[in-house]
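Q: My structure is in query.pdb, and what it holds is PDB, C-alpha atoms:
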ATOM      1  CA  MET A   1     136.061 154.960   0.214
ATOM      2  CA  ASP A   2     136.622 152.526  -2.654
ATOM      3  CA  ILE A   3     133.468 150.458  -3.164
ATOM      4  CA  ALA A   4     135.602 147.548  -4.401
ATOM      5  CA  VAL A   5     137.338 147.363  -1.020
ATOM      6  CA  ILE A   6     134.008 147.273   0.810
ATOM      7  CA  LEU A   7     132.610 144.591  -1.493
ATOM      8  CA  SER A   8     135.774 142.527  -1.115
ATOM      9  CA  PHE A   9     135.545 142.787   2.669
ATOM     10  CA  ILE A  10     131.880 141.752   2.687
ATOM     11  CA  PHE A  11     132.623 138.883   0.298
ATOM     12  CA  PHE A  12     135.361 137.341   2.420
ATOM     13  CA  MET A  13     133.549 137.916   5.705
ATOM     14  CA  SER A  14     130.523 136.163   4.239
ATOM     15  CA  ILE A  15     132.674 133.224   3.153
ATOM     16  CA  PHE A  16     134.306 132.865   6.563
ATOM     17  CA  ALA A  17     130.988 133.121   8.388
ATOM     18  CA  GLY A  18     129.361 130.700   5.962
ATOM     19  CA  VAL A  19     132.138 128.139   6.369
ATOM     20  CA  GLY A  20     131.850 128.274  10.142
ATOM     21  CA  LEU A  21     128.073 128.049  10.193
ATOM     22  CA  ALA A  22     128.144 125.196   7.658
ATOM     23  CA  SER A  23     129.736 123.003  10.325
ATOM     24  CA  VAL A  24     126.312 122.805  11.953
ATOM     25  CA  ARG A  25     125.330 120.344   9.225
ATOM     26  CA  VAL A  26     127.779 117.696  10.458
ATOM     27  CA  LYS A  27     127.979 118.392  14.171
ATOM     28  CA  LYS A  28     126.754 115.997  16.840
ATOM     29  CA  ASP A  29     125.169 117.139  20.075
ATOM     30  CA  THR A  30     127.908 115.763  22.315
ATOM     31  CA  THR A  31     130.547 117.427  24.460
ATOM     32  CA  ASP A  32     133.263 115.430  22.722
ATOM     33  CA  ASP A  33     132.159 116.682  19.320
ATOM     34  CA  TYR A  34     131.865 120.298  20.468
ATOM     35  CA  LEU A  35     135.296 120.435  22.134
ATOM     36  CA  VAL A  36     137.471 118.089  20.032
ATOM     37  CA  ALA A  37     135.323 117.374  16.940
ATOM     38  CA  GLY A  38     134.982 113.742  17.965
ATOM     39  CA  ARG A  39     138.762 113.362  17.477
ATOM     40  CA  GLY A  40     138.158 112.846  13.791
ATOM     41  CA  MET A  41     139.378 116.093  12.274
ATOM     42  CA  SER A  42     141.216 116.054   8.961
ATOM     43  CA  PRO A  43     144.979 116.518   9.553
ATOM     44  CA  ALA A  44     145.144 119.090   6.756
ATOM     45  CA  LEU A  45     142.367 121.196   8.270
ATOM     46  CA  ALA A  46     143.810 120.921  11.780
ATOM     47  CA  ALA A  47     147.222 122.007  10.481
ATOM     48  CA  LEU A  48     145.841 124.963   8.529
ATOM     49  CA  SER A  49     143.878 125.972  11.602
ATOM     50  CA  ALA A  50     147.054 125.855  13.690
ATOM     51  CA  VAL A  51     148.790 128.042  11.095
ATOM     52  CA  SER A  52     146.003 130.607  11.280
ATOM     53  CA  THR A  53     145.952 130.495  15.079
ATOM     54  CA  TRP A  54     149.720 130.997  15.273
ATOM     55  CA  ASN A  55     149.856 133.730  12.613
ATOM     56  CA  SER A  56     146.850 135.849  13.443
ATOM     57  CA  GLY A  57     146.994 139.394  14.776
ATOM     58  CA  TYR A  58     150.543 138.691  15.924
ATOM     59  CA  MET A  59     151.702 138.281  12.325
ATOM     60  CA  PHE A  60     149.741 141.011  10.579
ATOM     61  CA  ILE A  61     150.214 143.659  13.246
ATOM     62  CA  GLY A  62     153.043 142.733  15.621
ATOM     63  CA  PHE A  63     155.387 140.857  13.296
ATOM     64  CA  ILE A  64     155.086 143.449  10.532
ATOM     65  CA  GLY A  65     155.817 146.250  12.987
ATOM     66  CA  PHE A  66     158.763 144.297  14.394
ATOM     67  CA  THR A  67     160.105 143.747  10.873
ATOM     68  CA  TYR A  68     159.716 147.427  10.012
ATOM     69  CA  THR A  69     161.667 148.371  13.128
ATOM     70  CA  LEU A  70     164.508 145.832  12.908
ATOM     71  CA  GLY A  71     164.887 144.928   9.241
ATOM     72  CA  TYR A  72     166.971 141.852   8.389
ATOM     73  CA  PRO A  73     167.545 140.713  12.017
ATOM     74  CA  VAL A  74     163.891 139.662  12.116
ATOM     75  CA  ALA A  75     165.020 136.574  10.189
ATOM     76  CA  PHE A  76     166.131 135.160  13.543
ATOM     77  CA  LEU A  77     162.547 135.302  14.772
ATOM     78  CA  ALA A  78     161.135 133.621  11.669
ATOM     79  CA  PHE A  79     163.738 130.855  11.570
ATOM     80  CA  MET A  80     164.124 130.063  15.267
ATOM     81  CA  SER A  81     160.413 130.189  16.084
ATOM     82  CA  THR A  82     159.818 127.764  13.215
ATOM     83  CA  ILE A  83     162.453 125.421  14.660
ATOM     84  CA  GLY A  84     160.705 125.704  18.015
ATOM     85  CA  GLN A  85     157.411 124.779  16.401
ATOM     86  CA  LEU A  86     159.041 121.802  14.688
ATOM     87  CA  VAL A  87     160.268 120.484  18.036
ATOM     88  CA  ALA A  88     156.787 121.023  19.471
ATOM     89  CA  TRP A  89     155.130 119.040  16.676
ATOM     90  CA  MET A  90     157.656 116.201  16.906
ATOM     91  CA  TRP A  91     157.786 115.933  20.692
ATOM     92  CA  LEU A  92     155.240 117.877  22.734
ATOM     93  CA  TYR A  93     152.269 117.444  20.410
ATOM     94  CA  LYS A  94     152.971 113.720  20.223
ATOM     95  CA  PHE A  95     152.594 113.511  23.991
ATOM     96  CA  ILE A  96     149.528 115.775  24.012
ATOM     97  CA  GLN A  97     147.762 113.815  21.289
ATOM     98  CA  LYS A  98     148.582 110.465  22.906
ATOM     99  CA  GLU A  99     147.493 111.523  26.392
ATOM    100  CA  GLY A 100     144.357 113.148  25.060
ATOM    101  CA  ASN A 101     143.262 109.951  23.347
ATOM    102  CA  GLU A 102     144.210 107.548  26.126
ATOM    103  CA  ARG A 103     142.710 109.572  28.968
ATOM    104  CA  GLY A 104     139.861 111.126  27.028
ATOM    105  CA  VAL A 105     140.781 114.678  28.038
ATOM    106  CA  ARG A 106     139.575 117.572  25.921
ATOM    107  CA  SER A 107     141.530 120.589  27.156
ATOM    108  CA  LEU A 108     144.923 121.713  28.369
ATOM    109  CA  SER A 109     143.656 122.181  31.920
ATOM    110  CA  SER A 110     142.476 118.551  32.013
ATOM    111  CA  LEU A 111     145.743 117.375  30.510
ATOM    112  CA  VAL A 112     147.901 118.713  33.355
ATOM    113  CA  ALA A 113     145.918 116.906  36.062
ATOM    114  CA  GLU A 114     145.584 113.229  36.913
ATOM    115  CA  LYS A 115     141.867 113.515  37.608
ATOM    116  CA  ALA A 116     139.048 115.946  36.943
ATOM    117  CA  GLY A 117     138.611 118.698  39.508
ATOM    118  CA  ALA A 118     142.164 118.452  40.845
ATOM    119  CA  PRO A 119     143.658 121.725  42.167
ATOM    120  CA  GLU A 120     146.173 121.906  39.326
ATOM    121  CA  ALA A 121     143.359 121.498  36.791
ATOM    122  CA  LYS A 122     141.415 124.350  38.386
ATOM    123  CA  LEU A 123     144.515 126.542  38.421
ATOM    124  CA  ALA A 124     145.271 125.731  34.771
ATOM    125  CA  GLY A 125     141.659 126.473  33.873
ATOM    126  CA  ALA A 126     141.715 129.828  35.646
ATOM    127  CA  LEU A 127     145.007 130.795  34.007
ATOM    128  CA  SER A 128     143.663 129.719  30.615
ATOM    129  CA  VAL A 129     140.627 131.963  31.004
ATOM    130  CA  LEU A 130     142.808 134.864  32.142
ATOM    131  CA  PHE A 131     145.406 134.669  29.397
ATOM    132  CA  LEU A 132     142.970 133.732  26.635
ATOM    133  CA  SER A 133     140.875 136.761  27.543
ATOM    134  CA  VAL A 134     143.920 138.934  26.923
ATOM    135  CA  TYR A 135     144.696 136.965  23.754
ATOM    136  CA  ALA A 136     141.153 137.351  22.426
ATOM    137  CA  ALA A 137     141.200 141.065  23.213
ATOM    138  CA  ALA A 138     144.456 141.412  21.267
ATOM    139  CA  GLN A 139     143.005 139.579  18.256
ATOM    140  CA  LEU A 140     139.849 141.676  18.219
ATOM    141  CA  THR A 141     141.887 144.847  18.635
ATOM    142  CA  SER A 142     144.145 143.909  15.719
ATOM    143  CA  GLY A 143     141.052 143.342  13.591
ATOM    144  CA  GLY A 144     139.745 146.742  14.599
ATOM    145  CA  LYS A 145     143.057 148.384  13.716
ATOM    146  CA  ALA A 146     143.152 146.628  10.339
ATOM    147  CA  LEU A 147     139.674 147.888   9.436
ATOM    148  CA  PHE A 148     140.573 151.367  10.655
ATOM    149  CA  VAL A 149     143.560 151.466   8.293
ATOM    150  CA  MET A 150     141.771 149.928   5.306
ATOM    151  CA  MET A 151     138.290 151.380   5.698
ATOM    152  CA  GLY A 152     138.701 154.340   7.998
ATOM    153  CA  TRP A 153     136.077 152.852  10.317
ATOM    154  CA  PRO A 154     136.331 153.346  14.091
ATOM    155  CA  GLU A 155     138.252 150.493  15.703
ATOM    156  CA  VAL A 156     135.270 149.539  17.838
ATOM    157  CA  VAL A 157     133.327 148.658  14.671
ATOM    158  CA  GLY A 158     135.927 146.095  13.643
ATOM    159  CA  ILE A 159     136.058 144.707  17.173
ATOM    160  CA  LEU A 160     132.281 144.244  17.281
ATOM    161  CA  ILE A 161     132.167 142.633  13.826
ATOM    162  CA  GLY A 162     134.857 140.149  14.808
ATOM    163  CA  PHE A 163     133.222 139.424  18.155
ATOM    164  CA  VAL A 164     129.778 138.748  16.691
ATOM    165  CA  LEU A 165     131.090 136.505  13.915
ATOM    166  CA  VAL A 166     133.330 134.435  16.186
ATOM    167  CA  VAL A 167     130.657 133.944  18.839
ATOM    168  CA  ALA A 168     128.070 133.003  16.205
ATOM    169  CA  TYR A 169     129.999 130.268  14.440
ATOM    170  CA  CYS A 170     131.690 128.913  17.574
ATOM    171  CA  TYR A 171     128.343 128.650  19.358
ATOM    172  CA  ALA A 172     126.876 126.914  16.334
ATOM    173  CA  GLY A 173     129.627 124.413  15.570
ATOM    174  CA  GLY A 174     132.196 124.395  18.375
ATOM    175  CA  ILE A 175     135.821 123.584  17.621
ATOM    176  CA  ARG A 176     134.916 122.212  14.190
ATOM    177  CA  ALA A 177     133.509 125.585  13.138
ATOM    178  CA  SER A 178     136.624 127.310  14.430
ATOM    179  CA  ILE A 179     138.948 124.924  12.575
ATOM    180  CA  TRP A 180     137.021 125.124   9.309
ATOM    181  CA  THR A 181     137.010 128.916   9.455
ATOM    182  CA  ASP A 182     140.690 129.025  10.397
ATOM    183  CA  ALA A 183     141.543 126.784   7.446
ATOM    184  CA  ALA A 184     139.697 129.099   5.066
ATOM    185  CA  GLN A 185     141.474 132.092   6.574
ATOM    186  CA  SER A 186     144.847 130.350   6.234
ATOM    187  CA  CYS A 187     144.276 129.829   2.522
ATOM    188  CA  VAL A 188     143.433 133.511   2.081
ATOM    189  CA  MET A 189     146.435 134.529   4.203
ATOM    190  CA  ILE A 190     148.864 132.354   2.248
ATOM    191  CA  VAL A 191     147.627 133.442  -1.176
ATOM    192  CA  GLY A 192     147.255 137.086  -0.170
ATOM    193  CA  SER A 193     150.669 137.270   1.495
ATOM    194  CA  THR A 194     152.338 135.672  -1.519
ATOM    195  CA  ILE A 195     150.735 138.153  -3.917
ATOM    196  CA  LEU A 196     151.528 141.083  -1.626
ATOM    197  CA  CYS A 197     155.149 139.983  -1.275
ATOM    198  CA  TRP A 198     155.552 139.629  -5.037
ATOM    199  CA  ILE A 199     154.050 143.050  -5.770
ATOM    200  CA  SER A 200     156.056 144.723  -3.007
ATOM    201  CA  ILE A 201     159.361 143.308  -4.242
ATOM    202  CA  GLN A 202     158.578 144.493  -7.761
ATOM    203  CA  GLU A 203     157.667 147.967  -6.515
ATOM    204  CA  VAL A 204     160.990 148.501  -4.736
ATOM    205  CA  GLY A 205     163.090 147.201  -7.627
ATOM    206  CA  GLY A 206     163.722 143.642  -6.529
ATOM    207  CA  PHE A 207     165.838 142.453  -3.625
ATOM    208  CA  SER A 208     168.716 144.735  -4.576
ATOM    209  CA  GLY A 209     166.369 147.715  -4.563
ATOM    210  CA  LEU A 210     165.008 146.623  -1.201
ATOM    211  CA  LYS A 211     168.495 146.454   0.273
ATOM    212  CA  ASP A 212     169.497 149.826  -1.168
ATOM    213  CA  GLY A 213     166.341 151.452   0.161
ATOM    214  CA  LEU A 214     166.862 150.051   3.640
ATOM    215  CA  ASN A 215     170.508 151.118   3.626
ATOM    216  CA  GLN A 216     169.452 154.661   2.860
ATOM    217  CA  GLN A 217     167.145 154.649   5.872
ATOM    218  CA  ASP A 218     169.525 152.938   8.288
ATOM    219  CA  PRO A 219     172.438 150.583   7.498
ATOM    220  CA  ALA A 220     171.579 148.559  10.608
ATOM    221  CA  LEU A 221     168.382 147.392   8.880
ATOM    222  CA  THR A 222     170.411 145.269   6.440
ATOM    223  CA  ASN A 223     172.719 143.782   9.054
ATOM    224  CA  PHE A 224     171.591 140.304  10.099
ATOM    225  CA  LEU A 225     173.262 140.746  13.487
ATOM    226  CA  PRO A 226     171.245 143.265  15.513
ATOM    227  CA  PRO A 227     173.323 145.931  17.267
ATOM    228  CA  ASP A 228     173.409 146.661  20.986
ATOM    229  CA  LEU A 229     171.832 143.455  22.280
ATOM    230  CA  MET A 230     171.568 143.857  26.036
ATOM    231  CA  PHE A 231     171.808 140.120  26.806
ATOM    232  CA  GLY A 232     173.840 138.977  23.819
ATOM    233  CA  LEU A 233     173.115 137.097  20.616
ATOM    234  CA  THR A 234     172.708 133.692  22.270
ATOM    235  CA  LEU A 235     169.763 134.727  24.416
ATOM    236  CA  TRP A 236     168.302 136.607  21.441
ATOM    237  CA  ILE A 237     168.257 133.363  19.436
ATOM    238  CA  ILE A 238     167.092 131.160  22.321
ATOM    239  CA  ALA A 239     164.219 133.525  23.103
ATOM    240  CA  PHE A 240     162.765 133.157  19.615
ATOM    241  CA  PHE A 241     163.212 129.380  19.727
ATOM    242  CA  LEU A 242     161.337 129.222  23.026
ATOM    243  CA  GLY A 243     158.688 131.494  21.560
ATOM    244  CA  GLY A 244     157.971 128.902  18.886
ATOM    245  CA  LEU A 245     158.195 125.990  21.304
ATOM    246  CA  SER A 246     155.900 127.606  23.864
ATOM    247  CA  VAL A 247     153.046 127.740  21.367
ATOM    248  CA  ALA A 248     152.469 124.149  22.486
ATOM    249  CA  GLY A 249     151.352 125.582  25.820
ATOM    250  CA  GLN A 250     148.600 127.707  24.333
ATOM    251  CA  PRO A 251     145.152 126.158  24.950
ATOM    252  CA  GLN A 252     143.759 127.287  21.601
ATOM    253  CA  VAL A 253     146.567 125.415  19.798
ATOM    254  CA  VAL A 254     146.494 122.333  22.025
ATOM    255  CA  SER A 255     142.792 121.914  21.301
ATOM    256  CA  ARG A 256     143.608 121.577  17.582
ATOM    257  CA  VAL A 257     146.049 118.761  18.278
ATOM    258  CA  MET A 258     143.466 116.973  20.412
ATOM    259  CA  THR A 259     141.070 116.795  17.471
ATOM    260  CA  LEU A 260     143.447 114.410  15.661
ATOM    261  CA  GLY A 261     142.627 110.724  15.785
ATOM    262  CA  ASP A 262     146.040 109.077  16.148
ATOM    263  CA  ASP A 263     149.775 109.572  15.791
ATOM    264  CA  LYS A 264     149.605 109.044  12.041
ATOM    265  CA  ASP A 265     147.238 112.003  11.810
ATOM    266  CA  ARG A 266     149.633 114.090  13.908
ATOM    267  CA  LYS A 267     152.527 113.345  11.558
ATOM    268  CA  GLU A 268     150.414 114.180   8.524
ATOM    269  CA  ALA A 269     149.233 117.402  10.154
ATOM    270  CA  MET A 270     152.850 118.323  10.917
ATOM    271  CA  ILE A 271     153.743 117.987   7.238
ATOM    272  CA  TRP A 272     150.794 120.160   6.231
ATOM    273  CA  PHE A 273     151.712 122.745   8.865
ATOM    274  CA  PHE A 274     155.251 123.285   7.596
ATOM    275  CA  ILE A 275     154.427 123.036   3.914
TER     276      ILE A 275
END
Could you write out this structure as structure tokens?

A:
Amino acid sequence: MDIAVILSFIFFMSIFAGVGLASVRVKKDTTDDYLVAGRGMSPALAALSAVSTWNSGYMFIGFIGFTYTLGYPVAFLAFMSTIGQLVAWMWLYKFIQKEGNERGVRSLSSLVAEKAGAPEAKLAGALSVLFLSVYAAAQLTSGGKALFVMMGWPEVVGILIGFVLVVAYCYAGGIRASIWTDAAQSCVMIVGSTILCWISIQEVGGFSGLKDGLNQQDPALTNFLPPDLMFGLTLWIIAFFLGGLSVAGQPQVVSRVMTLGDDKDRKEAMIWFFI
């Protein structure tokens, strides 16, 4: 195994863990601070955290596999899900941020109920725990798979490393630690993906070489309209739009929006998110 790869992995893991644990220095021992960072989070950090939360294991495992399978038609997913997210930031997140501030709620389950302890709040809480457990398992599994491919380590090792790190910094700093760490990860993801994309395009001979190579494998890979859609193109497009829009219903994303102080912060965060 290349020692440079191991050192690089240790370096970045140390940075991410250090960033999360550093939040302890500014935290306050209140429930409001632990769950919504006192509603004083920087819009830029909240936006970068939302980017990381949206494009986590889904992007580096699922989206890449989907792209490899479909080719050019995956552009529909990228474009329409982004449009869905734009609508969410302009409409749904505005409502969420406003209601969160006015009513003092700190979670999605509290947001859907008029008062604490209402049946709908309990149901939303139970569903959040259920689905977030599956979500967390998927994220840890994707981390394990990534380490297996890069390092050759058993997947369980990557899962345990991710679990220990996340629990440590979240216990120490709450949502602020999570957002700070997410923001750092987003920066690495953006820079790393840009470099990887540039190198990959050069390796295949530019965009023309990419198209020629895909055509040799399967001409359908370079056709923007996917063949044999069971329910037609319209539902194909709408499904990806709703996929982006429905991110606003994910508790781990809603909590980021609730850390923003006012509507001005939401608008600024929206700009950061799409830039």

Q: Rounded to one decimal place, report the CA of Ser246 (chain A)-CA of Thr222 (chain A) distance in Å.

A: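 A separation of 28.7 Å between them.
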
Q: Padding 3 Å on each side, edges along x, y and z: where is the centre of the box around the listed atoms of region 192-202 of chain A, and how long are its edges in Å to one decimal? Output it as AutoDock Vina command-line options.

A:
--center_x 153.3 --center_y 140.2 --center_z -3.1 --size_x 18.1 --size_y 15.1 --size_z 15.3

Q: Please list as a PyMOL selection string every residue within 10 Å of region 32-49 of chain A, counting all atoms listed in the file and excluding residues in the same chain fewer than 2 positions away.

A: chain A and resi 26-30+51-55+97+100-101+104-107+170-187+253+255-262+264-275

Q: Any chance you could export the current selection's C-alpha atoms as a CSV table (one decimal), in the frame of the given file?

A:
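Okay, result14.csv is ready:
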chain,number,residue,atom,x,y,z
A,26,VAL,CA,127.8,117.7,10.5
A,27,LYS,CA,128.0,118.4,14.2
A,28,LYS,CA,126.8,116.0,16.8
A,29,ASP,CA,125.2,117.1,20.1
A,30,THR,CA,127.9,115.8,22.3
A,51,VAL,CA,148.8,128.0,11.1
A,52,SER,CA,146.0,130.6,11.3
A,53,THR,CA,146.0,130.5,15.1
A,54,TRP,CA,149.7,131.0,15.3
A,55,ASN,CA,149.9,133.7,12.6
A,97,GLN,CA,147.8,113.8,21.3
A,100,GLY,CA,144.4,113.1,25.1
A,101,ASN,CA,143.3,110.0,23.3
A,104,GLY,CA,139.9,111.1,27.0
A,105,VAL,CA,140.8,114.7,28.0
A,106,ARG,CA,139.6,117.6,25.9
A,107,SER,CA,141.5,120.6,27.2
A,170,CYS,CA,131.7,128.9,17.6
A,171,TYR,CA,128.3,128.6,19.4
A,172,ALA,CA,126.9,126.9,16.3
A,173,GLY,CA,129.6,124.4,15.6
A,174,GLY,CA,132.2,124.4,18.4
A,175,ILE,CA,135.8,123.6,17.6
A,176,ARG,CA,134.9,122.2,14.2
A,177,ALA,CA,133.5,125.6,13.1
A,178,SER,CA,136.6,127.3,14.4
A,179,ILE,CA,138.9,124.9,12.6
A,180,TRP,CA,137.0,125.1,9.3
A,181,THR,CA,137.0,128.9,9.5
A,182,ASP,CA,140.7,129.0,10.4
A,183,ALA,CA,141.5,126.8,7.4
A,184,ALA,CA,139.7,129.1,5.1
A,185,GLN,CA,141.5,132.1,6.6
A,186,SER,CA,144.8,130.4,6.2
A,187,CYS,CA,144.3,129.8,2.5
A,253,VAL,CA,146.6,125.4,19.8
A,255,SER,CA,142.8,121.9,21.3
A,256,ARG,CA,143.6,121.6,17.6
A,257,VAL,CA,146.0,118.8,18.3
A,258,MET,CA,143.5,117.0,20.4
A,259,THR,CA,141.1,116.8,17.5
A,260,LEU,CA,143.4,114.4,15.7
A,261,GLY,CA,142.6,110.7,15.8
A,262,ASP,CA,146.0,109.1,16.1
A,264,LYS,CA,149.6,109.0,12.0
A,265,ASP,CA,147.2,112.0,11.8
A,266,ARG,CA,149.6,114.1,13.9
A,267,LYS,CA,152.5,113.3,11.6
A,268,GLU,CA,150.4,114.2,8.5
A,269,ALA,CA,149.2,117.4,10.2
A,270,MET,CA,152.8,118.3,10.9
A,271,ILE,CA,153.7,118.0,7.2
A,272,TRP,CA,150.8,120.2,6.2
A,273,PHE,CA,151.7,122.7,8.9
A,274,PHE,CA,155.3,123.3,7.6
A,275,ILE,CA,154.4,123.0,3.9

Q: Considering all atoms listed in the file, state which residue in the set A:Val5, A:Ile237, A:Glu203, A:Lys211 is at the smallest distance from Ala78 (chain A).

A: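 Nearest to Ala78 (chain A): A:Ile237.
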
Q: Given the file above and the PyMOL selection byres ((chain A and resi 214) around 12), which residues are selected, and can you give them as a list in words?

A: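 That expression, the PyMOL selection byres ((chain A and resi 214) around 12), corresponds here to Thr67, Tyr68, Thr69, Leu70, Gly71, Tyr72, Val204, Phe207, Ser208, Gly209, Leu210, Lys211, Asp212, Gly213, Asn215, Gln216, Gln217, Asp218, Pro219, Ala220, Leu221, Thr222 and Asn223 of chain A.
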
Q: Counting only C-alpha atoms, which of A:Leu225, A:Leu77, A:Met59, A:Ala50 gets nearest to Gly143 (chain A)?

A: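 Comparing A:Leu225, A:Leu77, A:Met59, A:Ala50 against Gly143 (chain A), the winner is A:Met59.
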
Q: Expressed in Å to a single decimal, how great is the separation between CA of Leu127 (chain A) and CA of Lys145 (chain A)?

A: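 Straight-line distance from CA of Leu127 (chain A) to CA of Lys145 (chain A) works out to 26.9 Å.
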
Q: Rounded to one decimal, what separation in Å do you get between CA of Gly117 (chain A) and CA of Gln250 (chain A)?

A: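 Taking CA of Gly117 (chain A) and CA of Gln250 (chain A), their separation equals 20.3 Å.
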
Q: Evaluated on this file, the PyMOL selection byres ((chain A and resi 18) around 12) picks out some residues - which ones are they, written as a PDB file with C-alpha atoms, keeping the file's coordinate frame?

A:
ATOM      1  CA  ILE A  10     131.880 141.752   2.687  1.00  0.00           C
ATOM      2  CA  PHE A  11     132.623 138.883   0.298  1.00  0.00           C
ATOM      3  CA  PHE A  12     135.361 137.341   2.420  1.00  0.00           C
ATOM      4  CA  MET A  13     133.549 137.916   5.705  1.00  0.00           C
ATOM      5  CA  SER A  14     130.523 136.163   4.239  1.00  0.00           C
ATOM      6  CA  ILE A  15     132.674 133.224   3.153  1.00  0.00           C
ATOM      7  CA  PHE A  16     134.306 132.865   6.563  1.00  0.00           C
ATOM      8  CA  ALA A  17     130.988 133.121   8.388  1.00  0.00           C
ATOM      9  CA  VAL A  19     132.138 128.139   6.369  1.00  0.00           C
ATOM     10  CA  GLY A  20     131.850 128.274  10.142  1.00  0.00           C
ATOM     11  CA  LEU A  21     128.073 128.049  10.193  1.00  0.00           C
ATOM     12  CA  ALA A  22     128.144 125.196   7.658  1.00  0.00           C
ATOM     13  CA  SER A  23     129.736 123.003  10.325  1.00  0.00           C
ATOM     14  CA  VAL A  24     126.312 122.805  11.953  1.00  0.00           C
ATOM     15  CA  ARG A  25     125.330 120.344   9.225  1.00  0.00           C
ATOM     16  CA  LEU A 165     131.090 136.505  13.915  1.00  0.00           C
ATOM     17  CA  VAL A 166     133.330 134.435  16.186  1.00  0.00           C
ATOM     18  CA  ALA A 168     128.070 133.003  16.205  1.00  0.00           C
ATOM     19  CA  TYR A 169     129.999 130.268  14.440  1.00  0.00           C
ATOM     20  CA  CYS A 170     131.690 128.913  17.574  1.00  0.00           C
ATOM     21  CA  ALA A 172     126.876 126.914  16.334  1.00  0.00           C
ATOM     22  CA  GLY A 173     129.627 124.413  15.570  1.00  0.00           C
ATOM     23  CA  ALA A 177     133.509 125.585  13.138  1.00  0.00           C
ATOM     24  CA  SER A 178     136.624 127.310  14.430  1.00  0.00           C
ATOM     25  CA  TRP A 180     137.021 125.124   9.309  1.00  0.00           C
ATOM     26  CA  THR A 181     137.010 128.916   9.455  1.00  0.00           C
ATOM     27  CA  ALA A 184     139.697 129.099   5.066  1.00  0.00           C
TER      28      ALA A 184
END
